[in-house]
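Next up, protein-v2.cif (mmCIF, C-alpha atoms):
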data_work
loop_
_atom_site.label_atom_id
_atom_site.label_comp_id
_atom_site.auth_asym_id
_atom_site.auth_seq_id
_atom_site.Cartn_x
_atom_site.Cartn_y
_atom_site.Cartn_z
CA MET A 6 121.74 -26.01 -116.31
CA PRO A 7 119.30 -28.85 -117.02
CA LEU A 8 119.33 -32.02 -114.94
CA TYR A 9 119.61 -35.45 -116.56
CA GLU A 10 119.63 -39.11 -115.59
CA HIS A 11 121.54 -41.59 -117.75
CA VAL A 12 121.56 -45.39 -117.77
CA LEU A 13 124.34 -47.19 -119.63
CA ILE A 14 124.42 -50.91 -120.42
CA ALA A 15 127.86 -52.34 -121.18
CA ARG A 16 128.87 -55.77 -122.47
CA GLN A 17 128.78 -58.66 -120.01
CA ASP A 18 132.34 -59.84 -120.66
CA LEU A 19 133.88 -56.70 -119.12
CA SER A 20 135.29 -56.87 -115.63
CA ASN A 21 133.74 -54.77 -112.86
CA THR A 22 136.71 -52.40 -112.87
CA GLN A 23 136.44 -51.91 -116.63
CA ALA A 24 132.71 -51.17 -116.31
CA GLU A 25 133.40 -48.63 -113.55
CA GLY A 26 136.15 -47.20 -115.77
CA LEU A 27 133.48 -46.52 -118.42
CA ILE A 28 131.56 -44.48 -115.84
CA GLU A 29 134.67 -42.43 -115.13
CA HIS A 30 135.36 -41.99 -118.85
CA PHE A 31 131.89 -40.61 -119.58
CA SER A 32 132.01 -38.48 -116.43
CA THR A 33 135.16 -36.80 -117.71
CA VAL A 34 133.55 -36.28 -121.13
CA LEU A 35 130.71 -34.41 -119.42
CA ALA A 36 133.11 -32.43 -117.24
CA ASP A 37 135.25 -31.44 -120.24
CA ASN A 38 132.16 -30.03 -121.97
CA GLY A 39 130.99 -27.90 -119.05
CA GLY A 40 128.82 -30.35 -117.11
CA LYS A 41 129.21 -32.15 -113.82
CA VAL A 42 128.22 -35.55 -112.50
CA ILE A 43 126.27 -35.20 -109.28
CA GLU A 44 126.16 -38.90 -108.48
CA ASN A 45 126.95 -42.20 -110.16
CA GLU A 46 125.98 -45.75 -109.27
CA TYR A 47 127.21 -49.07 -110.58
CA TRP A 48 124.26 -51.48 -110.50
CA GLY A 49 126.26 -54.57 -111.43
CA VAL A 50 125.61 -57.33 -113.94
CA ARG A 51 121.91 -57.87 -114.60
CA THR A 52 119.92 -60.06 -116.96
CA LEU A 53 118.50 -58.26 -119.98
CA ALA A 54 114.86 -58.56 -121.00
CA TYR A 55 115.98 -59.61 -124.49
CA LYS A 56 119.27 -60.34 -126.21
CA ILE A 57 121.30 -57.35 -127.38
CA ASN A 58 124.16 -58.17 -129.75
CA LYS A 59 124.02 -61.84 -128.64
CA ASN A 60 124.40 -60.85 -124.95
CA ARG A 61 121.98 -62.02 -122.28
CA LYS A 62 123.46 -59.93 -119.47
CA GLY A 63 125.03 -56.53 -119.14
CA HIS A 64 126.77 -54.16 -116.72
CA TYR A 65 124.36 -51.38 -115.70
CA ALA A 66 125.54 -47.91 -114.69
CA TYR A 67 123.48 -44.91 -113.59
CA LEU A 68 124.53 -41.24 -113.70
CA ARG A 69 122.82 -38.13 -112.34
CA THR A 70 124.18 -35.08 -114.12
CA ASP A 71 123.86 -31.32 -114.33
CA ALA A 72 125.07 -30.45 -117.80
CA PRO A 73 124.26 -28.38 -120.87
CA SER A 74 122.59 -30.21 -123.74
CA ALA A 75 125.73 -30.00 -125.89
CA ALA A 76 127.70 -31.97 -123.28
CA VAL A 77 124.97 -34.61 -123.05
CA GLN A 78 124.82 -34.96 -126.83
CA GLU A 79 128.59 -35.41 -127.01
CA MET A 80 128.53 -38.03 -124.24
CA GLU A 81 125.71 -39.95 -125.98
CA ARG A 82 127.54 -39.76 -129.31
CA LEU A 83 130.74 -41.17 -127.81
CA ALA A 84 128.80 -43.85 -125.92
CA ARG A 85 127.11 -45.01 -129.12
CA LEU A 86 130.51 -45.20 -130.85
CA HIS A 87 132.12 -47.10 -127.95
CA ASP A 88 132.35 -50.83 -128.62
CA ASP A 89 131.69 -51.85 -125.00
CA VAL A 90 128.46 -49.84 -124.60
CA MET A 91 125.34 -51.61 -125.87
CA ARG A 92 122.63 -49.11 -124.91
CA VAL A 93 122.33 -45.57 -123.53
CA MET A 94 119.18 -43.93 -122.22
CA THR A 95 119.02 -40.29 -121.14
CA VAL A 96 116.06 -38.65 -119.43
CA ARG A 97 115.74 -34.98 -118.54
CA VAL A 98 114.27 -34.46 -115.06
CA ASP A 99 113.05 -31.42 -113.16
CA GLU A 100 114.95 -32.37 -110.01
CA HIS A 101 117.03 -35.25 -108.73
CA GLU A 102 115.64 -37.43 -105.97
CA GLU A 103 117.57 -37.56 -102.73
CA GLY A 104 119.31 -40.75 -101.69
CA PRO A 105 120.04 -43.89 -103.68
CA SER A 106 118.07 -44.88 -106.77
CA VAL A 107 115.28 -47.44 -106.60
CA GLN A 108 117.60 -50.14 -107.93
CA MET A 109 120.01 -49.67 -105.03
CA GLN A 110 117.38 -49.62 -102.28
CA LYS A 111 116.55 -52.78 -100.38
CA ARG A 112 113.08 -54.20 -100.95
CA ASP A 113 112.06 -53.31 -97.39
CA GLU A 114 112.84 -49.62 -97.98
CA ARG A 115 110.92 -49.34 -101.27
CA GLY A 116 107.49 -49.43 -99.71
CA ASP A 117 104.48 -51.58 -100.44
CA ARG A 118 102.83 -51.91 -103.80
CA GLY A 119 99.59 -50.65 -102.37
CA ASP A 120 96.31 -52.28 -101.52
CA ARG A 121 94.88 -54.20 -104.43
CA GLY A 122 91.46 -54.63 -102.86
CA ASP A 123 89.29 -57.72 -103.24
CA ARG A 124 89.46 -57.78 -107.00
CA GLY A 125 91.66 -60.84 -107.11
CA ASP A 126 94.20 -61.44 -109.83
CA ARG A 127 91.82 -60.96 -112.75
CA GLY A 128 90.03 -57.79 -111.79
CA ASP A 129 86.24 -57.77 -111.96
CA ARG A 130 85.95 -61.09 -113.76
CA GLY A 131 86.62 -63.02 -110.58
CA GLY A 132 83.63 -61.40 -108.89
CA GLU A 133 81.31 -62.42 -111.73
CA ARG A 134 82.37 -66.03 -111.40
CA ARG A 135 81.74 -66.02 -107.67
CA GLU A 136 78.25 -64.66 -108.22
CA ARG A 137 77.48 -67.38 -110.81
CA ARG A 138 78.66 -70.10 -108.41
CA GLU A 139 76.56 -68.69 -105.60
CA ARG A 140 73.41 -68.65 -107.77
CA SER A 141 73.78 -72.31 -108.74
#
For this file, produce the structure as structure tokens.
Amino acid sequence: MPLYEHVLIARQDLSNTQAEGLIEHFSTVLADNGGKVIENEYWGVRTLAYKINKNRKGHYAYLRTDAPSAAVQEMERLARLHDDVMRVMTVRVDEHEEGPSVQMQKRDERGDRGDRGDRGDRGDRGGERRERRERS
């Protein structure tokens, strides 16, 4: 069966137990339609990038599933009809990564952003300015 990753955003005025209950509800929907939830994570209340239905924050939930496409379509349909769910995003993946998701890892465990070099914050433009100053 195909592998999927789902992210659900629920309304901010739900309690933590209600938000986790939504995860269980959609997990049972997948299981009833022949799929299975490999792992789920509750990411907590986070600030949204923009307002959705007059909400500035939302409860985030993450699911890793192994389910047929019909089960995923039914889960997405029910999530879109559910009053407490504001957004759903589903991505099909080739394989699930081991361990916790990036959101659940501590900053120390994520690794560095890489070496940016001597470009500075503005790329090559900073080098041109330095050369002009040195010529003067």
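Counting only C-alpha atoms and comparing A:His30, A:Leu68, A:Glu81, A:Gly49, the residue that lies closest to His101 (chain A) is A:Leu68.
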Give me, as a VMD selection string, all polymer residues having an atom no more than 12 Å from Glu29 (chain A), counting only C-alpha atoms and skipping those fewer than 3 positions away in the same chain.
chain A and resid 22 to 26 32 to 36 41 to 42 44 to 47 66 to 68 80
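Ranking A:Ala84, A:His64, A:Thr70, A:Trp48 by their shortest atom-to-atom distance to Ser106 (chain A), with all atoms listed in the file included, puts A:Trp48 first.
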Taking all atoms of region 65-80 of chain A that appear in the file, build a box with edges along x, y and z, extend it by 3 Å on every side, and state its centre and edge lengths in Å to one decimal, as lines of an AutoDock Vina configuration file.
center_x = 125.6
center_y = -39.9
center_z = -119.7
size_x = 12.0
size_y = 29.0
size_z = 20.7
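As for CA of Val93 (chain A) and CA of Tyr65 (chain A), they are spaced 10.0 Å apart.
Minimum distance to Asp18 (chain A) across A:Val50, A:Met94, A:Leu86, A:Ala76 (counting all atoms listed in the file) occurs at A:Val50.
A straight line drawn from CA of Gln17 (chain A) to CA of Arg61 (chain A) is 7.9 Å long.
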task = Spell out the residues picked by the PyMOL selection byres ((chain A and resi 95) around 9) here, as a count of residues only.
result = 11
TODO: Please identify all polymer residues within 9 Å of Leu53 (chain A), counting all atoms listed in the file, omitting same-chain residues fewer than 5 positions from it, and present them as a list in words.
DONE: Asn60, Arg61, Lys62 and Gly63 of chain A
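Shortest separation to Arg85 (chain A) among A:Ile14, A:Val98, A:Ile28, A:Met109 occurs at residue A:Ile14, atoms counted being only C-alpha atoms.
Here CA of Gly104 (chain A) and CA of Pro7 (chain A) stand 19.4 Å from one another.
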Exercise for the section: Find the spatial neighbours of Asp88 (chain A), counting only C-alpha atoms, within a cut-off of 12 Å - ignore same-chain residues fewer than 4 positions away - and output them as JSON, numbers by chain. Expected result: {"A": [14, 15, 16, 19, 27, 58, 83, 84, 92]}
Mind filling out region 78-112 of chain A with N, CA and C atoms and sending it as an mmCIF file, keeping the file's coordinate frame?
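The resulting rebuild_11.cif:
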data_model
loop_
_atom_site.group_PDB
_atom_site.id
_atom_site.type_symbol
_atom_site.label_atom_id
_atom_site.label_comp_id
_atom_site.auth_asym_id
_atom_site.auth_seq_id
_atom_site.Cartn_x
_atom_site.Cartn_y
_atom_site.Cartn_z
ATOM 1 N N GLN A 78 124.795 -34.433 -125.462
ATOM 2 C CA GLN A 78 124.820 -34.960 -126.830
ATOM 3 C C GLN A 78 126.174 -35.540 -127.187
ATOM 4 N N GLU A 79 127.241 -34.895 -126.741
ATOM 5 C CA GLU A 79 128.590 -35.410 -127.010
ATOM 6 C C GLU A 79 128.823 -36.719 -126.261
ATOM 7 N N MET A 80 128.371 -36.799 -125.005
ATOM 8 C CA MET A 80 128.530 -38.030 -124.240
ATOM 9 C C MET A 80 127.755 -39.169 -124.896
ATOM 10 N N GLU A 81 126.511 -38.910 -125.318
ATOM 11 C CA GLU A 81 125.710 -39.950 -125.980
ATOM 12 C C GLU A 81 126.349 -40.380 -127.301
ATOM 13 N N ARG A 82 126.894 -39.429 -128.045
ATOM 14 C CA ARG A 82 127.540 -39.760 -129.310
ATOM 15 C C ARG A 82 128.733 -40.674 -129.096
ATOM 16 N N LEU A 83 129.572 -40.339 -128.110
ATOM 17 C CA LEU A 83 130.740 -41.170 -127.810
ATOM 18 C C LEU A 83 130.337 -42.533 -127.248
ATOM 19 N N ALA A 84 129.253 -42.577 -126.474
ATOM 20 C CA ALA A 84 128.800 -43.850 -125.920
ATOM 21 C C ALA A 84 128.289 -44.769 -127.036
ATOM 22 N N ARG A 85 127.605 -44.205 -128.012
ATOM 23 C CA ARG A 85 127.110 -45.010 -129.120
ATOM 24 C C ARG A 85 128.255 -45.518 -130.014
ATOM 25 N N LEU A 86 129.352 -44.772 -130.059
ATOM 26 C CA LEU A 86 130.510 -45.200 -130.850
ATOM 27 C C LEU A 86 131.383 -46.203 -130.105
ATOM 28 N N HIS A 87 131.278 -46.228 -128.782
ATOM 29 C CA HIS A 87 132.120 -47.100 -127.950
ATOM 30 C C HIS A 87 131.694 -48.546 -128.147
ATOM 31 N N ASP A 88 132.657 -49.429 -128.356
ATOM 32 C CA ASP A 88 132.350 -50.830 -128.620
ATOM 33 C C ASP A 88 131.771 -51.560 -127.410
ATOM 34 N N ASP A 89 132.134 -51.143 -126.208
ATOM 35 C CA ASP A 89 131.690 -51.850 -125.000
ATOM 36 C C ASP A 89 130.284 -51.443 -124.557
ATOM 37 N N VAL A 90 129.776 -50.318 -125.015
ATOM 38 C CA VAL A 90 128.460 -49.840 -124.600
ATOM 39 C C VAL A 90 127.409 -50.358 -125.574
ATOM 40 N N MET A 91 126.400 -51.068 -125.025
ATOM 41 C CA MET A 91 125.340 -51.610 -125.870
ATOM 42 C C MET A 91 124.150 -50.667 -125.989
ATOM 43 N N ARG A 92 123.773 -50.007 -124.902
ATOM 44 C CA ARG A 92 122.630 -49.110 -124.910
ATOM 45 C C ARG A 92 122.888 -47.913 -124.002
ATOM 46 N N VAL A 93 122.276 -46.777 -124.350
ATOM 47 C CA VAL A 93 122.330 -45.570 -123.530
ATOM 48 C C VAL A 93 120.918 -44.992 -123.500
ATOM 49 N N MET A 94 120.454 -44.614 -122.328
ATOM 50 C CA MET A 94 119.180 -43.930 -122.220
ATOM 51 C C MET A 94 119.373 -42.691 -121.367
ATOM 52 N N THR A 95 118.913 -41.550 -121.859
ATOM 53 C CA THR A 95 119.020 -40.290 -121.140
ATOM 54 C C THR A 95 117.629 -39.710 -120.969
ATOM 55 N N VAL A 96 117.351 -39.257 -119.748
ATOM 56 C CA VAL A 96 116.060 -38.650 -119.430
ATOM 57 C C VAL A 96 116.317 -37.323 -118.745
ATOM 58 N N ARG A 97 115.638 -36.280 -119.207
ATOM 59 C CA ARG A 97 115.740 -34.980 -118.540
ATOM 60 C C ARG A 97 114.717 -34.943 -117.421
ATOM 61 N N VAL A 98 115.147 -34.512 -116.233
ATOM 62 C CA VAL A 98 114.270 -34.460 -115.060
ATOM 63 C C VAL A 98 114.233 -33.042 -114.514
ATOM 64 N N ASP A 99 113.170 -32.734 -113.773
ATOM 65 C CA ASP A 99 113.050 -31.420 -113.160
ATOM 66 C C ASP A 99 113.958 -31.285 -111.948
ATOM 67 N N GLU A 100 114.060 -32.372 -111.173
ATOM 68 C CA GLU A 100 114.950 -32.370 -110.010
ATOM 69 C C GLU A 100 115.361 -33.797 -109.719
ATOM 70 N N HIS A 101 116.530 -33.930 -109.096
ATOM 71 C CA HIS A 101 117.030 -35.250 -108.730
ATOM 72 C C HIS A 101 116.450 -35.643 -107.380
ATOM 73 N N GLU A 102 116.115 -36.920 -107.247
ATOM 74 C CA GLU A 102 115.640 -37.430 -105.970
ATOM 75 C C GLU A 102 116.810 -37.591 -105.019
ATOM 76 N N GLU A 103 116.539 -37.406 -103.760
ATOM 77 C CA GLU A 103 117.570 -37.560 -102.730
ATOM 78 C C GLU A 103 117.794 -39.041 -102.446
ATOM 79 N N GLY A 104 118.997 -39.389 -102.089
ATOM 80 C CA GLY A 104 119.310 -40.750 -101.690
ATOM 81 C C GLY A 104 119.592 -41.651 -102.878
ATOM 82 N N PRO A 105 119.724 -42.946 -102.607
ATOM 83 C CA PRO A 105 120.040 -43.890 -103.680
ATOM 84 C C PRO A 105 118.839 -44.103 -104.608
ATOM 85 N N SER A 106 119.133 -44.595 -105.801
ATOM 86 C CA SER A 106 118.070 -44.880 -106.770
ATOM 87 C C SER A 106 117.255 -46.083 -106.303
ATOM 88 N N VAL A 107 116.171 -46.338 -106.969
ATOM 89 C CA VAL A 107 115.280 -47.440 -106.600
ATOM 90 C C VAL A 107 116.010 -48.777 -106.739
ATOM 91 N N GLN A 108 116.878 -48.897 -107.723
ATOM 92 C CA GLN A 108 117.600 -50.140 -107.930
ATOM 93 C C GLN A 108 118.556 -50.468 -106.777
ATOM 94 N N MET A 109 119.047 -49.448 -106.107
ATOM 95 C CA MET A 109 120.010 -49.670 -105.030
ATOM 96 C C MET A 109 119.347 -49.810 -103.656
ATOM 97 N N GLN A 110 118.078 -49.499 -103.552
ATOM 98 C CA GLN A 110 117.380 -49.620 -102.280
ATOM 99 C C GLN A 110 117.027 -51.074 -102.017
ATOM 100 N N LYS A 111 116.988 -51.440 -100.745
ATOM 101 C CA LYS A 111 116.550 -52.780 -100.380
ATOM 102 C C LYS A 111 115.045 -52.858 -100.556
ATOM 103 N N ARG A 112 114.526 -54.038 -100.725
ATOM 104 C CA ARG A 112 113.080 -54.200 -100.950
ATOM 105 C C ARG A 112 112.267 -53.674 -99.772
#
